[in-house]
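So the structure is just underneath, and the comments pick up after that.
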Amino acid sequence: MRRWTIRRKRTTLAAMVAAGSVTLLLHGCGAGGGGGDAPPGTYQMGGARQGVALNLAATVATIAGRAGAPGFIDGSGTAARFFYPQGLTTDGANLYVADYGNHTIRKLAIDGSAVTIVAGAPLIEGSVDAIGTAARFRSPAGLTTDGRFLYVADRGNHSIRKIAIGTWEVVTLAGTTLPGFVDGAGSAARFNFPTGITTDGTSLFVADTNNHTIRKIAIGTGAVTTLAGQAGSSGFADGVGAAARFSFPYALTTDGVNLYVADTDNHTIRRIAIGTGAVTTLAGQAGSSGFADGIGASARFSFPSAITTDGTSLYVADSNNFIIRKIAIATGAVSTLAGTPGAAGSADGTGATAQFRPYPSGLTTDGRDLFVNDSGNHTVRLMR
């Protein structure tokens with residue numbers, strides 16, 4: 001399964017550097033500042049800019065990194081290097097990347113003109129609260145922002161970290177390096193390989209992947225509660241709160257009213273009412289992986305693992321199909337924006353001529369364009 005593939009890749013970085021197949025070049029911690037301005041009418045929500053429906057021709061271009069060239073380099077465009085980039089978020093001025101294999105958080109100007117490290121140190125994993133490159137992460141997977149702070153699902157450390165944008169001070173908001181399942185405040189809470197994270201500006205919501213649950217964290221206090229699902233009980237069931245079931249949920253987003261969850265091993269997209277914890281299925285059918293455009297349960301996905309929204313539509317990285325999908329929130333109608341099912345590659349192009357490699361793993365939007373972490377290609381792609 002995909003969750004094992006990611007963990008196996010994490011262990012090979014040092015060997016690849018030693019063998020000369022990975023490039024490592026550290027330039028230093030990036031300063032604050034932007035690569036652009038958020039479009040008029042948009043607002044910060046769910047780790048993206050929402051409020052304006054995207055009008056995409058589905059033309060895909062690579063803006064940072066080089067396909068087939070993993071490593072660590074701060075630089076511009078294709079001169080930069082990443083190692084299995086996972087989580088992706090934006091404040092409208094910059095993109096922020098959870099560079100999973102490098103154990104770092106990177107900042108990317110929205111036009112791809114400059115990539116810098118803001119926290120963590122390449123090749124050095126650990127769990128240290130500190131400023132910038134003195135901090136340590138272990139396989140950071142999920143990333144979101146409210147515009148003032150970055151929030152990281154530090155998967156390998158089973159914890160949620162908080163980074164002040166500009167000073168790059170890193171603190172642990174909830175959890176410890178010990179896996180488990182406990183609701184509680186701060187270090188009393190436990191997670192089990194949390195992978196996805198989003199925010200409505202007041203709370204964080206976490207896809208606690210190996211606990212098969214969706215957790216909620218009060219940003220102000222670090223208090224953790226369980227919104228939906230039951231720890232240790234994977235499966236599929238619509239219902240309220242603990243009556244619902246998920247199977248290795250990897251990612252989630254929010255429009256401020258509902259959460260939308262990539263329920264990865266169920267091959268479905270789920271909707272959770274934030275106010276009640278009521279879970280329903282928006283698209284796909286549990287236990288039936290594949291590829292089909294259609295409405296609701298007639299659509300098919302194969303291990304969807306990233307999701308974002310502009311407030312009108314959802315955008316999904318359908319990872320084992322190597323494609324990017326679009327779902328109309330109002331109707332559940334699923335269509336394919338870019339890529340061809342089963343055709344892995346790195347080609348830039350429009351619609352079906354574009355290619356992604358296993359596994360596209362991060363999505364966000366600045367209100368104009370869609371951005372994709374093409375993890376298997378070690379690149380960041382733009383769709384407009």
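Labels for the structure tokens follow display order: chains A, B, ..., residues from 1 in each chain, ligands from 1.
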#### Entry: For A:Gly112: contacts at 9 Å, only C-alpha atoms, fewer than 3 positions along chain excluded, given as a ChimeraX atom specification
/A:35,62-64,76-78,95,108-109,115,380
### Query
If you run DSSP on this backbone, which residues of stretch 2-250 of chain A come out as alpha helix (DSSP H), and could you give them as a VMD selection string?
chain A and resid 2 to 10 13 to 19
#### Entry: Spatial neighbours of A:Val97, max dist 8 Å, only C-alpha atoms, sep filter under 4 positions, as a list of chain:residue names
A:Pro85, A:Gln86, A:Gly87, A:Leu88, A:Thr89, A:Ile105, A:Arg106, A:Lys107, A:Leu108, A:Leu143
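By only C-alpha atoms, and with residues fewer than 4 positions from A:Ile274 along its chain excluded, the set lying at most 9 Å from it is Leu227, Gly256, Val257, Asn258, Leu259 and Ala278 of chain A.
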Considering only C-alpha atoms, tabulate each residue of stretch 217-323 of chain A that lies at most 12 Å from stretch 155-159 of chain A along with its nearest interatomic pair and the corresponding distance in Å to one decimal; arrange the rows by chain and ascending residue number and present them as a Markdown table.
| residue | atom | partner | partner_atom | distance |
| --- | --- | --- | --- | --- |
| A:Ile217 | CA | A:Ser159 | CA | 11.7 |
| A:Gly222 | CA | A:Ser159 | CA | 11.4 |
| A:Val224 | CA | A:Ser159 | CA | 11.4 |
| A:Tyr250 | CA | A:Arg155 | CA | 10.9 |
### Task
Please provide the set of residues having any atom within 10 Å of stretch 323-332 of chain A, restricted to only C-alpha atoms, with same-chain residues fewer than 6 positions apart removed, written as an MDAnalysis selection string.
chainID A and resid 58 260 269 271 281:284 291 293:299 301:302 304 306:309 311:317 338:344 351:352 354:360 363 372 383
### Message
At a cut-off of 6 Å, using only C-alpha atoms, what residues contact A:Gly65? Leave out same-chain residues fewer than 6 positions from it and give the result as an MDAnalysis selection string.
### Response
chainID A and resid 78 80:81 379
Given the selection you just returned, output its residues as a file containing all heavy atoms, formatted as a PDB file, in the first residue's frame.
ATOM      1  N   THR A  78      13.921  25.046 -11.867  1.00  0.00           N
ATOM      2  CA  THR A  78      14.411  23.680 -12.004  1.00  0.00           C
ATOM      3  C   THR A  78      15.790  23.476 -11.380  1.00  0.00           C
ATOM      4  O   THR A  78      16.275  22.343 -11.318  1.00  0.00           O
ATOM      5  CB  THR A  78      14.462  23.274 -13.489  1.00  0.00           C
ATOM      6  OG1 THR A  78      15.271  24.217 -14.211  1.00  0.00           O
ATOM      7  CG2 THR A  78      13.060  23.246 -14.081  1.00  0.00           C
ATOM      8  N   ALA A  80      16.293  24.070  -8.233  1.00  0.00           N
ATOM      9  CA  ALA A  80      15.978  23.591  -6.883  1.00  0.00           C
ATOM     10  C   ALA A  80      15.823  22.078  -6.889  1.00  0.00           C
ATOM     11  O   ALA A  80      15.530  21.465  -7.922  1.00  0.00           O
ATOM     12  CB  ALA A  80      14.710  24.250  -6.370  1.00  0.00           C
ATOM     13  N   ARG A  81      16.008  21.487  -5.719  1.00  0.00           N
ATOM     14  CA  ARG A  81      15.822  20.045  -5.574  1.00  0.00           C
ATOM     15  C   ARG A  81      14.989  19.738  -4.334  1.00  0.00           C
ATOM     16  O   ARG A  81      15.152  20.374  -3.280  1.00  0.00           O
ATOM     17  CB  ARG A  81      17.167  19.320  -5.451  1.00  0.00           C
ATOM     18  CG  ARG A  81      18.020  19.398  -6.706  1.00  0.00           C
ATOM     19  CD  ARG A  81      17.434  18.588  -7.861  1.00  0.00           C
ATOM     20  NE  ARG A  81      18.303  18.625  -9.016  1.00  0.00           N
ATOM     21  CZ  ARG A  81      18.254  19.570  -9.968  1.00  0.00           C
ATOM     22  NH1 ARG A  81      17.376  20.556  -9.863  1.00  0.00           N
ATOM     23  NH2 ARG A  81      19.079  19.510 -10.985  1.00  0.00           N
ATOM     24  N   THR A 379       9.043  17.213  -7.758  1.00  0.00           N
ATOM     25  CA  THR A 379       8.811  18.536  -8.335  1.00  0.00           C
ATOM     26  C   THR A 379       7.534  19.164  -7.788  1.00  0.00           C
ATOM     27  O   THR A 379       6.673  18.494  -7.199  1.00  0.00           O
ATOM     28  CB  THR A 379       8.657  18.448  -9.868  1.00  0.00           C
ATOM     29  OG1 THR A 379       7.599  17.539 -10.202  1.00  0.00           O
ATOM     30  CG2 THR A 379       9.938  17.989 -10.531  1.00  0.00           C
TER      31      THR A 379
END
### Task
Tell me which of A:Asp369, A:Val128, A:Arg300, A:Pro140 sits closest to A:Tyr84, counting only C-alpha atoms.
A:Pro140
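Of the residues listed (A:Phe193, A:Phe236, A:Tyr100, A:Phe322), A:Phe236 shows the shortest atom-to-atom separation from A:Gln285; distances use only C-alpha atoms.
One finds atom CA of A:Gly367 at 6.4 Å from atom CA of A:Thr42.
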With a cut-off of 10 Å, could you pull out the residues of stretch 122-149 of chain A touching stretch 167-172 of chain A and give me the nearest pair of atoms for each, distance in Å to one decimal, using only C-alpha atoms, ordered by chain and ascending number, as a Markdown table?
| residue | atom | partner | partner_atom | distance |
| --- | --- | --- | --- | --- |
| A:Ser127 | CA | A:Thr172 | CA | 9.0 |
| A:Val128 | CA | A:Val170 | CA | 8.2 |
| A:Asp129 | CA | A:Val171 | CA | 5.0 |
| A:Ala130 | CA | A:Val170 | CA | 5.3 |
| A:Ile131 | CA | A:Glu169 | CA | 4.2 |
| A:Gly132 | CA | A:Trp168 | CA | 5.1 |
| A:Thr133 | CA | A:Trp168 | CA | 8.8 |
| A:Ala134 | CA | A:Val170 | CA | 9.2 |
| A:Ala135 | CA | A:Val170 | CA | 6.5 |
| A:Arg136 | CA | A:Val170 | CA | 8.8 |
| A:Phe137 | CA | A:Val170 | CA | 9.9 |
| A:Phe149 | CA | A:Trp168 | CA | 8.9 |
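Between atom CA of A:Ala98 and atom CA of A:Gly235 the interatomic distance comes to 28.5 Å.
Distances to A:Gly241 were evaluated for A:His103, A:Lys216, A:Arg148, A:His267 using only C-alpha atoms, and the minimum falls at A:Lys216.
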### Message
as an MDAnalysis selection string, please: the residues near A:Phe205 (cut-off 6 Å, only C-alpha atoms, same-chain neighbours under 6 positions excluded).
### Response
chainID A and resid 197:198 215:216
